[in-house]
Structure formats: C-alpha cells, structure tokens
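To start, the structure under review is shown below, and the notes come after it.
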Amino acid sequence: SAERSDAPKCHPKTRTAVINNIMSWVDSKDLMERIMWLHGPAGSGKTTIVQTVAERCDKENKLVSSFFFSRNSGRDDGYKLVATIASQMVIAIPATKEYVVAQLKHDSTLLTYSMENQMQKLVIEPLQHAMSSKCFDNHSSSGSSGNMSFVMPHLITIDGLDECKNPQVQSRIINMIAELSNNQSTYFQFIIASRPELEIRTTFNSMDNLTWTGLVLDDHYDPDKDIETYLQSEFSAIMHKHILKNDLQGGTKWPSKKDLSTLVRRSSGQFIYASTIMKYISNSRRNPKESLCTIINLQSGESLRKSPYTELDELYRFILIASTDQIQEYDMISPIFQVLLYRSIGLNTSILSLSIFLKQEHRCT
C-alpha cells in the first residue's frame, strides 16, 4: 500500500538464509503446511524480511495481498483485514473481480459482517467461482487447480499481528486463516509475522502442527554477520554522500575494525539498534566521525546491565535527550517510541527514557 511505500527492506546481502528458506517454502509443491509463522522479538528484522519477500513475490506474480498492522499509524483494527485482502486479490487475480463486485452489490452491508463471513463471501467464494471459469483456466499452463498455485498469485503476508489491538481478534484471525488454508478448493499460502505474544503462541500451539510451520529469528541465522554487512554498506554510503565526505576519506580507515566490531556486539542481533545508529551518524547536520565517537563512548548504567536490551536502552536515552529538533529528526525518533511503548522487557528503562524526553519538550514550550 502507499502507506508502506518507504517500508524498510533487507540489504541485498543480508538475511539471505532466512529469505531463501521462506522462498523455498513459497515455491514448495504438495505443501501441507500452508501457514508460516515468522516470529522474533522487537527489532529482530521481521518487517524488513516480510517486505522483501512480498516485493520479490509481487515481481514474480506470486503475491495476492500484503497487509500490515501498526499501532502508531492507526492500522490496528483487525476487522479491516479481509476487505484489504479482497481489494488486493481482485488486482492480483482479475478473474475474481466480477464475483467480489457481485457480492457487494447483492448485499451492501457485507462489510459489517464478521471477519469469518467476510472471508467466505469476499475471498473464498469469488476465488472458487474464478477457478472454475475459463478466464481463470487461461492463466494456468495446466488448467489443473492442483497446480495453479505455482502459476498464479498465491501468497498473502500479514505483518505485525501482535499490533492488532485486540488479542482475541488476533486469535480469530489465525483460526480464520487456518480454516481457509485447510479448504481444499483454495490454494493460498500465508506468512504471519509477529512477536511471540501469549495469545498468538497459544493459538498456534493449539492448532494441528501439520497445517503450519514456524520460523524463529534467532542466532541460528547468524544475525551478527548480516548486521556487520549492513553497517559496512551504510558507512560506505556516508563516505560517498555525506556533506562532510571529504573529511572522511583518506588517512586512517574509518570506521576502524574495532569500532565496527563494537557496534555489531552492542546490536545483540537487533537490526533496529544498527539502523538507529546509522540514522544518527548519517545526519547531515552532524559530523559523522564525532557522532560515531559519541555512540562508541556511551556507557550503560550498572543497574541496567542485566537487561538484554541495555545497549539499546542507553542508545535510545541518549538520542532522545540529545535531539534538539524533534520535527526534523522524527524519522529517527519515531521507531524509538514504538519500541519504548510496546516492549515488555526493559520497561522501566523505557519509561525513564520517555520521561526524560517529555521533560525536554516541556522546557522548550
């Protein structure tokens, strides 16, 4: 959607193992597990991976629909999901359009129905009608519905399910998708990305494990190597594009291997830490060398060392305090607020960071 036209995407040389794993699943034949649950903590890169996969599948004519939940942009209403899928489906699969339009003309109150009824009337039935039509057969090399998933769009991605405001609705969405994936007259595959919140975990664990597969973003996929690649690419861009680029070239190599290793270690597998660092360092109104030095010299408080998010909390506290122009630096500050407000681990530090920032704002008004 236009609201996500600038969504973050994976650097071409990062997250390749994860993306290849997902694409192998997308292209699998005779697939029983038609739902993939991609999960991991905040900042682990779920959104960038889903966006990258969705764009690749769109180019390859495999994408039916891509939906994302987001509390901070008001996209937290689960009841808008089915209508969005249907509206994108008629574009990806034109043969379904006349049937979706007919359903809406027949019953103008259809969008007030339950999600489950909307899915039946706006997605399942139009798809079934379209699959039986000659127009649909002409798009298939085999004309067999069993093989159509590999020559027609068949992937639906749902990102940020944990940001749907109602946990019960989160569970209903998963169960609704599971029922659709079990429908032998349809062929859709679904990627659901979220943090492993209790309601979502419980719902998946209560389902038949033959209907879904899980992919967790952990150390198995060596995030440190990907983060190092990302940092090197961003530093290279700064050296070629920053207004002070002439001061960065020549002399001692910048950044040093030691500083780069420090940033990778402090990231602790969290891409959001690395991306926030680079937004700060690349700011055109600052000297990149001085900014990097400031970040390297940040010290974590002793009382916070036990938190797995200590480095991230310290970085966020510093940036929130140091930001003198919150309007100009909105792009950097906005994701910080998202993590501070919605992360359950390290809550006390997050509240402290927010409190400090609000005091700074109050003094400026």
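By convention here, the chains of the structure tokens are called A, B, ... in the order presented, each chain's residues are numbered starting at 1, and ligands are numbered starting at 1 in the order presented.
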Would you mind listing, for every residue of region 100-200 of chain A within 9 Å of region 40-49 of chain A, the two atoms forming the shortest contact and the distance between them in Å to one decimal, using only C-alpha atoms, sorted by chain and ascending residue number, as a tab-separated table?
residue	atom	partner	partner_atom	distance
A:Asp159	CA	A:Thr47	CA	6.6
A:Gly160	CA	A:Thr47	CA	7.5
A:Ala193	CA	A:Lys46	CA	6.5
A:Ser194	CA	A:Gly40	CA	7.0
A:Arg195	CA	A:Gly40	CA	5.2
A:Pro196	CA	A:Gly40	CA	6.4
Q: Please identify which residues in region 179-239 of chain A DSSP calls strand (DSSP E or B) from the backbone, and express them as a VMD selection string.
A: chain A and resid 189 to 194 212 to 216
Q.
Can you pull out the residues contacting Ile191 (chain A)? Cut-off 6 Å, using only C-alpha atoms, and skip same-chain residues under 3 positions away; I want them as a ChimeraX atom specification.
A. /A:35-36,157
Q: Please provide the set of residues having any atom within 12 Å of Glu60 (chain A), restricted to only C-alpha atoms, with same-chain residues fewer than 2 positions apart removed, written as a list of chain:residue names.
A: A:Met23, A:Val26, A:Asp27, A:Val53, A:Ala54, A:Glu55, A:Arg56, A:Cys57, A:Asp58, A:Lys62, A:Leu63, A:Val64, A:Ala92, A:Phe150, A:Val151, A:Met152, A:Pro153, A:His154, A:Leu155
Would you list the contacts of region 73-90 of chain A as an mmCIF file with N, CA and C atoms, in the first residue's frame, taking every protein, DNA or RNA residue within 8 Å and counting only C-alpha atoms, but skipping same-chain residues closer than 5 positions in sequence?
data_model
loop_
_atom_site.group_PDB
_atom_site.id
_atom_site.type_symbol
_atom_site.label_atom_id
_atom_site.label_comp_id
_atom_site.auth_asym_id
_atom_site.auth_seq_id
_atom_site.Cartn_x
_atom_site.Cartn_y
_atom_site.Cartn_z
ATOM 1 N N VAL A 64 -0.628 -12.227 -3.639
ATOM 2 C CA VAL A 64 -2.042 -11.881 -3.707
ATOM 3 C C VAL A 64 -2.299 -10.596 -2.924
ATOM 4 N N SER A 65 -1.786 -10.552 -1.689
ATOM 5 C CA SER A 65 -2.072 -9.427 -0.815
ATOM 6 C C SER A 65 -0.991 -9.298 0.248
ATOM 7 N N SER A 66 -0.756 -8.068 0.667
ATOM 8 C CA SER A 66 0.202 -7.796 1.735
ATOM 9 C C SER A 66 -0.424 -6.797 2.694
ATOM 10 N N PHE A 67 -0.575 -7.206 3.949
ATOM 11 C CA PHE A 67 -1.252 -6.374 4.954
ATOM 12 C C PHE A 67 -0.324 -6.213 6.152
ATOM 13 N N PHE A 68 -0.344 -5.033 6.761
ATOM 14 C CA PHE A 68 0.450 -4.858 7.978
ATOM 15 C C PHE A 68 -0.347 -4.114 9.038
ATOM 16 N N ALA A 95 -9.695 -12.321 -12.479
ATOM 17 C CA ALA A 95 -10.874 -13.174 -12.689
ATOM 18 C C ALA A 95 -11.803 -13.186 -11.483
ATOM 19 N N THR A 96 -11.321 -12.749 -10.317
ATOM 20 C CA THR A 96 -12.168 -12.738 -9.120
ATOM 21 C C THR A 96 -12.987 -11.455 -9.003
ATOM 22 N N LYS A 97 -12.651 -10.445 -9.796
ATOM 23 C CA LYS A 97 -13.242 -9.119 -9.599
ATOM 24 C C LYS A 97 -14.758 -9.123 -9.747
ATOM 25 N N VAL A 100 -16.477 -10.578 -6.687
ATOM 26 C CA VAL A 100 -16.411 -9.731 -5.491
ATOM 27 C C VAL A 100 -17.402 -8.569 -5.636
ATOM 28 N N LEU A 111 -19.779 -5.662 4.470
ATOM 29 C CA LEU A 111 -18.578 -5.251 5.197
ATOM 30 C C LEU A 111 -18.827 -5.045 6.685
ATOM 31 N N SER A 114 -19.158 -10.392 10.236
ATOM 32 C CA SER A 114 -17.983 -10.863 10.964
ATOM 33 C C SER A 114 -16.835 -11.102 9.985
ATOM 34 N N MET A 115 -15.618 -11.115 10.490
ATOM 35 C CA MET A 115 -14.469 -11.368 9.629
ATOM 36 C C MET A 115 -14.611 -12.694 8.896
ATOM 37 N N GLN A 118 -17.078 -12.386 6.092
ATOM 38 C CA GLN A 118 -16.476 -11.590 5.021
ATOM 39 C C GLN A 118 -15.483 -12.433 4.217
ATOM 40 N N MET A 119 -14.690 -13.223 4.910
ATOM 41 C CA MET A 119 -13.706 -14.070 4.228
ATOM 42 C C MET A 119 -14.420 -15.052 3.297
ATOM 43 N N LEU A 122 -16.187 -12.693 0.385
ATOM 44 C CA LEU A 122 -15.354 -11.803 -0.423
ATOM 45 C C LEU A 122 -14.061 -12.429 -0.931
ATOM 46 N N VAL A 123 -13.682 -13.546 -0.352
ATOM 47 C CA VAL A 123 -12.428 -14.175 -0.776
ATOM 48 C C VAL A 123 -12.654 -15.604 -1.265
ATOM 49 N N ILE A 156 -0.182 -14.572 0.665
ATOM 50 C CA ILE A 156 -0.724 -13.453 1.429
ATOM 51 C C ILE A 156 0.166 -13.252 2.649
ATOM 52 N N GLU A 163 0.394 -6.275 16.795
ATOM 53 C CA GLU A 163 -0.022 -4.888 16.941
ATOM 54 C C GLU A 163 -1.496 -4.681 16.629
ATOM 55 N N CYS A 164 -2.212 -5.772 16.325
ATOM 56 C CA CYS A 164 -3.670 -5.718 16.269
ATOM 57 C C CYS A 164 -4.142 -5.492 17.703
ATOM 58 N N LYS A 165 -4.996 -4.507 17.919
ATOM 59 C CA LYS A 165 -5.252 -4.018 19.272
ATOM 60 C C LYS A 165 -5.984 -4.995 20.189
ATOM 61 N N ASN A 166 -6.619 -5.989 19.648
ATOM 62 C CA ASN A 166 -7.401 -6.912 20.466
ATOM 63 C C ASN A 166 -6.818 -8.323 20.382
ATOM 64 N N VAL A 169 -9.031 -10.864 18.818
ATOM 65 C CA VAL A 169 -9.123 -10.728 17.359
ATOM 66 C C VAL A 169 -7.884 -11.336 16.704
ATOM 67 N N GLN A 170 -6.731 -11.186 17.329
ATOM 68 C CA GLN A 170 -5.508 -11.825 16.829
ATOM 69 C C GLN A 170 -5.730 -13.332 16.693
ATOM 70 N N ILE A 173 -8.140 -14.210 13.864
ATOM 71 C CA ILE A 173 -7.510 -14.089 12.545
ATOM 72 C C ILE A 173 -6.708 -15.342 12.225
#
Q. Skipping near chain neighbours, those fewer than 6 positions away, what residues fall within 10 Å of region 245-256 of chain A using only C-alpha atoms, listed as a PyMOL selection string?
A. chain A and resi 231-232+235-239+262+287-289+292-293
Q | Between CA of Arg71 (chain A) and CA of Tyr230 (chain A) - distance in Å to one decimal | A |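 Computing it gives 27.1 Å between the two atoms.
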Q) Which of these residues is nearest to Lys225 (chain A), using only C-alpha atoms: A:Ile277, A:Ala17, A:Ala178, A:Leu298? A)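 Among the listed residues, the smallest separation from Lys225 (chain A) belongs to A:Ala17.
In terms of minimum interatomic distance to Asn61 (chain A), A:Ile93 ranks closest within A:Ile93, A:Asn175, A:Gln168, A:Met207, counting only C-alpha atoms.
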Q. DSSP says alpha helix (DSSP H) for which residues of region 98-204 of chain A? Put them as a PyMOL selection string?
A. chain A and resi 98-106+115-119+125-131+134-137+167-181+198-204
For the selection you just gave me, I'd like the residues written to a file as a short mmCIF file (atom, residue, chain, number, x, y, z; two decimals), in the first residue's frame, keeping N, CA and C atoms.
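Saved result, selection.cif, follows:
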data_model
loop_
_atom_site.label_atom_id
_atom_site.label_comp_id
_atom_site.auth_asym_id
_atom_site.auth_seq_id
_atom_site.Cartn_x
_atom_site.Cartn_y
_atom_site.Cartn_z
N GLU A 98 -15.27 -9.72 -10.82
CA GLU A 98 -16.70 -9.65 -11.06
C GLU A 98 -17.49 -10.33 -9.94
N TYR A 99 -16.90 -11.35 -9.33
CA TYR A 99 -17.60 -12.07 -8.26
C TYR A 99 -17.58 -11.28 -6.96
N VAL A 100 -16.48 -10.58 -6.69
CA VAL A 100 -16.41 -9.73 -5.49
C VAL A 100 -17.40 -8.57 -5.64
N VAL A 101 -17.41 -7.95 -6.80
CA VAL A 101 -18.33 -6.84 -7.06
C VAL A 101 -19.78 -7.30 -6.94
N ALA A 102 -20.06 -8.49 -7.47
CA ALA A 102 -21.42 -9.03 -7.41
C ALA A 102 -21.86 -9.26 -5.96
N GLN A 103 -20.96 -9.75 -5.14
CA GLN A 103 -21.28 -9.98 -3.73
C GLN A 103 -21.62 -8.67 -3.03
N LEU A 104 -20.85 -7.63 -3.30
CA LEU A 104 -21.08 -6.34 -2.65
C LEU A 104 -22.36 -5.69 -3.14
N LYS A 105 -22.68 -5.87 -4.44
CA LYS A 105 -23.93 -5.32 -4.97
C LYS A 105 -25.14 -6.07 -4.39
N HIS A 106 -24.96 -7.37 -4.22
CA HIS A 106 -26.05 -8.19 -3.69
C HIS A 106 -26.35 -7.84 -2.23
N MET A 115 -15.62 -11.11 10.49
CA MET A 115 -14.47 -11.37 9.63
C MET A 115 -14.61 -12.69 8.90
N GLU A 116 -15.09 -13.70 9.61
CA GLU A 116 -15.21 -15.03 9.03
C GLU A 116 -16.19 -15.04 7.86
N ASN A 117 -17.34 -14.35 8.03
CA ASN A 117 -18.32 -14.28 6.95
C ASN A 117 -17.80 -13.46 5.77
N GLN A 118 -17.08 -12.39 6.09
CA GLN A 118 -16.48 -11.59 5.02
C GLN A 118 -15.48 -12.43 4.22
N MET A 119 -14.69 -13.22 4.91
CA MET A 119 -13.71 -14.07 4.23
C MET A 119 -14.42 -15.05 3.30
N GLU A 125 -15.47 -17.58 -1.83
CA GLU A 125 -16.44 -17.83 -2.90
C GLU A 125 -16.03 -17.20 -4.23
N PRO A 126 -15.58 -15.95 -4.25
CA PRO A 126 -15.10 -15.39 -5.54
C PRO A 126 -13.94 -16.19 -6.12
N LEU A 127 -13.04 -16.66 -5.26
CA LEU A 127 -11.91 -17.45 -5.76
C LEU A 127 -12.39 -18.77 -6.35
N GLN A 128 -13.35 -19.42 -5.68
CA GLN A 128 -13.89 -20.68 -6.18
C GLN A 128 -14.59 -20.49 -7.52
N HIS A 129 -15.36 -19.42 -7.64
CA HIS A 129 -16.04 -19.14 -8.90
C HIS A 129 -15.02 -18.86 -10.00
N ALA A 130 -14.01 -18.07 -9.66
CA ALA A 130 -13.00 -17.72 -10.66
C ALA A 130 -12.22 -18.94 -11.11
N MET A 131 -11.91 -19.84 -10.19
CA MET A 131 -11.14 -21.04 -10.52
C MET A 131 -11.89 -21.96 -11.47
N LYS A 134 -13.44 -20.19 -17.39
CA LYS A 134 -12.49 -20.35 -18.50
C LYS A 134 -11.41 -19.28 -18.45
N CYS A 135 -11.82 -18.09 -17.99
CA CYS A 135 -10.87 -16.98 -17.91
C CYS A 135 -9.71 -17.35 -16.99
N PHE A 136 -10.04 -18.01 -15.87
CA PHE A 136 -9.01 -18.40 -14.91
C PHE A 136 -8.15 -19.51 -15.50
N ASP A 137 -8.77 -20.46 -16.20
CA ASP A 137 -8.02 -21.57 -16.79
C ASP A 137 -6.99 -21.08 -17.79
N PRO A 167 -6.29 -8.86 21.49
CA PRO A 167 -5.71 -10.20 21.46
C PRO A 167 -6.69 -11.28 21.00
N GLN A 168 -7.96 -11.11 21.35
CA GLN A 168 -8.95 -12.10 20.91
C GLN A 168 -9.12 -12.05 19.39
N VAL A 169 -9.03 -10.86 18.82
CA VAL A 169 -9.12 -10.73 17.36
C VAL A 169 -7.88 -11.34 16.70
N GLN A 170 -6.73 -11.19 17.33
CA GLN A 170 -5.51 -11.82 16.83
C GLN A 170 -5.73 -13.33 16.69
N SER A 171 -6.30 -13.92 17.74
CA SER A 171 -6.55 -15.36 17.73
C SER A 171 -7.57 -15.74 16.66
N ARG A 172 -8.61 -14.93 16.50
CA ARG A 172 -9.63 -15.22 15.48
C ARG A 172 -9.04 -15.16 14.08
N ILE A 173 -8.14 -14.21 13.86
CA ILE A 173 -7.51 -14.09 12.55
C ILE A 173 -6.71 -15.34 12.23
N ILE A 174 -5.94 -15.83 13.19
CA ILE A 174 -5.15 -17.04 12.96
C ILE A 174 -6.06 -18.23 12.66
N ASN A 175 -7.11 -18.38 13.45
CA ASN A 175 -8.03 -19.51 13.24
C ASN A 175 -8.76 -19.39 11.90
N MET A 176 -9.12 -18.16 11.52
CA MET A 176 -9.78 -17.94 10.23
C MET A 176 -8.86 -18.32 9.08
N ILE A 177 -7.61 -17.95 9.19
CA ILE A 177 -6.64 -18.27 8.15
C ILE A 177 -6.38 -19.77 8.11
N ALA A 178 -6.33 -20.40 9.28
CA ALA A 178 -6.12 -21.84 9.32
C ALA A 178 -7.27 -22.57 8.63
N GLU A 179 -8.49 -22.10 8.85
CA GLU A 179 -9.65 -22.72 8.20
C GLU A 179 -9.58 -22.53 6.69
N LEU A 180 -9.17 -21.34 6.25
CA LEU A 180 -9.04 -21.10 4.82
C LEU A 180 -7.95 -21.96 4.20
N SER A 181 -6.83 -22.10 4.90
CA SER A 181 -5.72 -22.90 4.37
C SER A 181 -6.07 -24.38 4.29
N LEU A 198 1.62 -13.98 24.03
CA LEU A 198 0.95 -15.14 24.63
C LEU A 198 -0.24 -15.62 23.82
N GLU A 199 -1.15 -14.72 23.43
CA GLU A 199 -2.37 -15.13 22.72
C GLU A 199 -2.02 -15.77 21.38
N ILE A 200 -1.02 -15.22 20.70
CA ILE A 200 -0.62 -15.75 19.40
C ILE A 200 0.05 -17.10 19.56
N ARG A 201 0.95 -17.21 20.54
CA ARG A 201 1.62 -18.51 20.80
C ARG A 201 0.60 -19.58 21.15
N THR A 202 -0.31 -19.22 22.02
CA THR A 202 -1.31 -20.19 22.47
C THR A 202 -2.17 -20.67 21.30
N THR A 203 -2.56 -19.76 20.44
CA THR A 203 -3.41 -20.12 19.30
C THR A 203 -2.68 -21.05 18.34
N PHE A 204 -1.45 -20.71 18.00
CA PHE A 204 -0.69 -21.58 17.10
C PHE A 204 -0.45 -22.95 17.73
#
(Q) My list of candidates is A:Gln189, A:Asn182, A:Ser70, A:Ser108. Which is closest to Arg34 (chain A) when distances are computed with only C-alpha atoms? (A)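 Closest to Arg34 (chain A) of all the choices is A:Gln189.
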